[in-house]
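Enquirer: Have a look at this one before I ask anything.
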Amino acid sequence: MGYVVDIARSLRLRDVVFFGGYALYLVFSFMAFHSATVLSSAGSLGYDVGVLFSMGAMAARIVVYLACALLARRFLRLSSAVSSLVTIGVGIVGFIVAAMVFQFSSAVSVDMFAPWLLLGGVFLGAGDALITLMWARFSSTLTLRAVYLFVVLCNAVSLVFYFAVTFVPAPVVLPLATILFVVSAAFAKKSLDARPPVEAEYSRPVFGGAIRGLWHPVLGTVILCFMSGLMLQISGQNEIPLESFQQTSLFTSAIAVMCLLLPALLIKKPLNVGRIYAFALPLSAAGFLLLPLIWNAAGGIVNAFAQLGAMVAGIILWCMLADSAHDTKLPSTLLFGLALACTNIAQLAGTIVGFVNAETLKQGDLVLTTVALVSVYLLLMAALVLFKDKKLASREEDPSVQLTPEEALASRCDEIAAARQFTPRETEIFKLLAQGYTMPVISEKLFVSENTVKSHVKSIYQKLGIHVRAELIDLVNQS
């Protein structure tokens, strides 16, 4: 637990308080987009209208993410105050439009208020994307273990908040969601101001290296998001009472978050968050295997399994993107914008496919069984692609195999790195230093800036209690 205490000491009290802002954002996001909680305050709008609202929000997020990725360096020049004001302004417009629709929905026909609800979804989706990128900028200032703890703990806290929201009267839900959104954006601004500023750098080789390191987890999350959007439609969520759906989601999400929290609290070695994808894929696969058998039984447990797989994969992807931005000094808006645009495109595609075909699928139907089996097959293919990567795979070495000198050196470096609690990037650089590579060469090999390498080397020397390269070589040889 000492490493957790070290992280806590590195953060000031006001930083910890502002962390709660991300948990408030997660509550807003779940109320507005992942459940029908916000729409329930308008009474019965109809399932088709709710799907239209969700599609508008996803389309708006895609546009905002791509635009901010293309203008990443200009976006980062904006002060946190300007970013917060723009985000709040866009979100408030969405809430006002939604409130008008809810007010007059009982007095006008669906054909009249549906376009306005779509417009509200577009503005809320755009505001959601902007506030997400603000928290992404904050996450990229943290180390991997710190951002992992931050995200998982905020998810845990958000479940407690959302549980309380389930007892709120329907007319209060939309104003409450508005307050959560505004407070979270204000906290994001305060959190960015409280952290040391990060000077973003961009170069094509560094960007190319980051893409090569991230495309596997992005692909895995894209597949799970497509499955999530598909399952939300073909499982007939509209047939499940909102209360049952909320309780099932809370229960299953709490179990998943607790399982994610254990590695950070119990494992002393540097986190390899990519391996936790092995936890997300079986969760989603279980949902599709159960789909033809129990349909909407147990409060939509089948749908909950599919959603959990996407949630866990999204948490891991968030941590890997933040770590990559922290490590390479690339603009966080660039990496997060591109990756989150891909996942939202996949979820939108799954939603459209599922919505168009939902009426043709019935419990016990052969087509439904085929959908389930094909989905599991795709997840297995995703697992093969993901775990083929040496960085994400978990392999056991055969002790009978004779190690080459290079492998023996790497093994000694791994032992030292584990004992001194190096981060994964520090371990990579430590191995290259031990082989005699200079900092400019290491920068080219790892596709990171030379300033980033110097920063890591300084941290390595401090953890080893040395001052020059010769002492590092002697330490590795003596081990």
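Ordered as shown in the structure tokens, chains take letters A, B, and onward, while each chain numbers its residues from 1 and ligands are numbered from 1 in the order shown.
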Pick out the residues sitting within 10 Å of Val218 (chain A), and hand them over as number ranges by chain; count only C-alpha atoms, and ignore anything fewer than 6 positions along from it in its own chain.
Expert: A: 211, 224, 313-314, 316-318, 320-321, 338-340, 342-343, 386
Enquirer: Excluding same-chain residues fewer than 5 positions from Ala32 (chain A), what lies within 9 Å of it counting only C-alpha atoms, as a list in words?
Expert: Val27, Thr37, Val38, Leu39, Ser54, Leu124, Leu174 and Ala177 of chain A
Enquirer: May I have the residues from that selection written out with C-alpha atoms, as an mmCIF file, in the first residue's frame?
Expert:
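Writing done, so here's selection-v3.cif:
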```cif
data_model
loop_
_atom_site.group_PDB
_atom_site.id
_atom_site.type_symbol
_atom_site.label_atom_id
_atom_site.label_comp_id
_atom_site.auth_asym_id
_atom_site.auth_seq_id
_atom_site.Cartn_x
_atom_site.Cartn_y
_atom_site.Cartn_z
ATOM 1 C CA VAL A 27 -23.046 10.465 -13.075
ATOM 2 C CA THR A 37 -32.964 8.523 -16.516
ATOM 3 C CA VAL A 38 -32.997 12.058 -17.965
ATOM 4 C CA LEU A 39 -35.632 11.241 -20.585
ATOM 5 C CA SER A 54 -28.845 9.046 -28.347
ATOM 6 C CA LEU A 124 -25.577 17.738 -24.988
ATOM 7 C CA LEU A 174 -33.086 17.252 -15.561
ATOM 8 C CA ALA A 177 -28.186 16.663 -14.414
#
```
Enquirer: Just give me the gap between CA of Leu149 (chain A) and CA of Thr423 (chain A) in Å, one decimal is fine.
Expert: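 Going from CA of Leu149 (chain A) over to CA of Thr423 (chain A), I get 14.8 Å.
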Enquirer: Set the distance at 12 Å and use only C-alpha atoms: which residues neighbour Leu409 (chain A) once local chain neighbours fewer than 6 positions away are removed? I'd like the list as a list in words.
Expert: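 Everything that qualifies: Leu403, Glu415, Ile416, Phe430, Lys431, Leu432, Leu433, Ala434, Gln435, Gly436, Ile473, Leu475, Val476, Asn477, Gln478 and Ser479 of chain A.
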Enquirer: With N, CA and C atoms retained, export the selected residues as a PDB file, in the first residue's frame.
Expert:
```
ATOM      1  N   LEU A 403      18.983 -18.647 -22.320  1.00  0.00           N
ATOM      2  CA  LEU A 403      18.838 -17.247 -22.684  1.00  0.00           C
ATOM      3  C   LEU A 403      20.068 -16.749 -23.432  1.00  0.00           C
ATOM      4  N   GLU A 415      14.326  -7.445 -13.336  1.00  0.00           N
ATOM      5  CA  GLU A 415      14.360  -7.696 -11.896  1.00  0.00           C
ATOM      6  C   GLU A 415      14.635  -6.413 -11.116  1.00  0.00           C
ATOM      7  N   ILE A 416      15.602  -5.642 -11.611  1.00  0.00           N
ATOM      8  CA  ILE A 416      15.926  -4.381 -10.937  1.00  0.00           C
ATOM      9  C   ILE A 416      14.747  -3.414 -11.035  1.00  0.00           C
ATOM     10  N   PHE A 430      15.438   2.099 -19.203  1.00  0.00           N
ATOM     11  CA  PHE A 430      16.492   1.503 -18.381  1.00  0.00           C
ATOM     12  C   PHE A 430      17.230   0.404 -19.146  1.00  0.00           C
ATOM     13  N   LYS A 431      16.490  -0.419 -19.874  1.00  0.00           N
ATOM     14  CA  LYS A 431      17.119  -1.496 -20.651  1.00  0.00           C
ATOM     15  C   LYS A 431      18.011  -0.933 -21.751  1.00  0.00           C
ATOM     16  N   LEU A 432      17.540   0.108 -22.408  1.00  0.00           N
ATOM     17  CA  LEU A 432      18.334   0.714 -23.479  1.00  0.00           C
ATOM     18  C   LEU A 432      19.565   1.420 -22.927  1.00  0.00           C
ATOM     19  N   LEU A 433      19.431   2.052 -21.763  1.00  0.00           N
ATOM     20  CA  LEU A 433      20.606   2.653 -21.118  1.00  0.00           C
ATOM     21  C   LEU A 433      21.636   1.593 -20.776  1.00  0.00           C
ATOM     22  N   ALA A 434      21.149   0.452 -20.274  1.00  0.00           N
ATOM     23  CA  ALA A 434      22.059  -0.637 -19.898  1.00  0.00           C
ATOM     24  C   ALA A 434      22.791  -1.200 -21.108  1.00  0.00           C
ATOM     25  N   GLN A 435      22.175  -1.087 -22.298  1.00  0.00           N
ATOM     26  CA  GLN A 435      22.817  -1.580 -23.525  1.00  0.00           C
ATOM     27  C   GLN A 435      23.767  -0.557 -24.134  1.00  0.00           C
ATOM     28  N   GLY A 436      23.804   0.649 -23.526  1.00  0.00           N
ATOM     29  CA  GLY A 436      24.762   1.657 -23.970  1.00  0.00           C
ATOM     30  C   GLY A 436      24.222   2.673 -24.937  1.00  0.00           C
ATOM     31  N   ILE A 473      25.562   0.916 -15.342  1.00  0.00           N
ATOM     32  CA  ILE A 473      26.126  -0.287 -15.978  1.00  0.00           C
ATOM     33  C   ILE A 473      26.692  -1.222 -14.920  1.00  0.00           C
ATOM     34  N   LEU A 475      25.830  -1.478 -11.813  1.00  0.00           N
ATOM     35  CA  LEU A 475      24.731  -2.055 -11.035  1.00  0.00           C
ATOM     36  C   LEU A 475      24.101  -3.232 -11.763  1.00  0.00           C
ATOM     37  N   VAL A 476      23.882  -3.087 -13.087  1.00  0.00           N
ATOM     38  CA  VAL A 476      23.276  -4.176 -13.859  1.00  0.00           C
ATOM     39  C   VAL A 476      24.228  -5.371 -13.924  1.00  0.00           C
ATOM     40  N   ASN A 477      25.514  -5.121 -14.136  1.00  0.00           N
ATOM     41  CA  ASN A 477      26.473  -6.226 -14.222  1.00  0.00           C
ATOM     42  C   ASN A 477      26.615  -6.971 -12.896  1.00  0.00           C
ATOM     43  N   GLN A 478      26.595  -6.234 -11.791  1.00  0.00           N
ATOM     44  CA  GLN A 478      26.728  -6.880 -10.470  1.00  0.00           C
ATOM     45  C   GLN A 478      25.520  -7.733 -10.129  1.00  0.00           C
ATOM     46  N   SER A 479      24.328  -7.331 -10.662  1.00  0.00           N
ATOM     47  CA  SER A 479      23.138  -8.117 -10.342  1.00  0.00           C
ATOM     48  C   SER A 479      23.162  -9.470 -11.023  1.00  0.00           C
TER      49      SER A 479
END
```
Enquirer: I'd like the interatomic distance between CA of Ala126 (chain A) and CA of Val353 (chain A), to a tenth of an Å.
Expert: 23.0 Å
Enquirer: Write out as an NGL selection string each polymer residue whose atoms come within 9 Å of Ile352 (chain A), counting only C-alpha atoms; drop sequence neighbours fewer than 4 positions from it.
Expert: :A and (55 or 229-230 or 233 or 347-348 or 356-357)
Enquirer: Quick one: residues within 12 Å of Ser203 (chain A), only C-alpha atoms, excluding same-chain residues fewer than 5 positions away - as a list in words?
Expert: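 With the cut-off at 12 Å, the set is Arg73, Gly208, Gly209, Ala210, Thr328, Lys329, Leu330, Pro331, Ser443, Glu444, Phe447, Val448, Ser449 and Glu450 of chain A.
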Enquirer: Can you measure CA of Ile223 (chain A) to CA of Phe251 (chain A) for me? One decimal in Å is fine.
Expert: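 Taking CA of Ile223 (chain A) as the start and CA of Phe251 (chain A) as the end point, the length is 24.1 Å.
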Enquirer: Between A:Leu446, A:Met58, A:Val86, A:Leu159, which is the closest to Phe30 (chain A) once you count only C-alpha atoms?
Expert: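 Closest candidate: A:Leu159.
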Enquirer: Can you tell me which residues surround Phe355 (chain A) at a distance of at most 9 Å, considering only C-alpha atoms, apart from same-chain residues fewer than 5 positions away, and format the answer as a PyMOL selection string?
Expert: chain A and resi 48+51+230+232-234+350
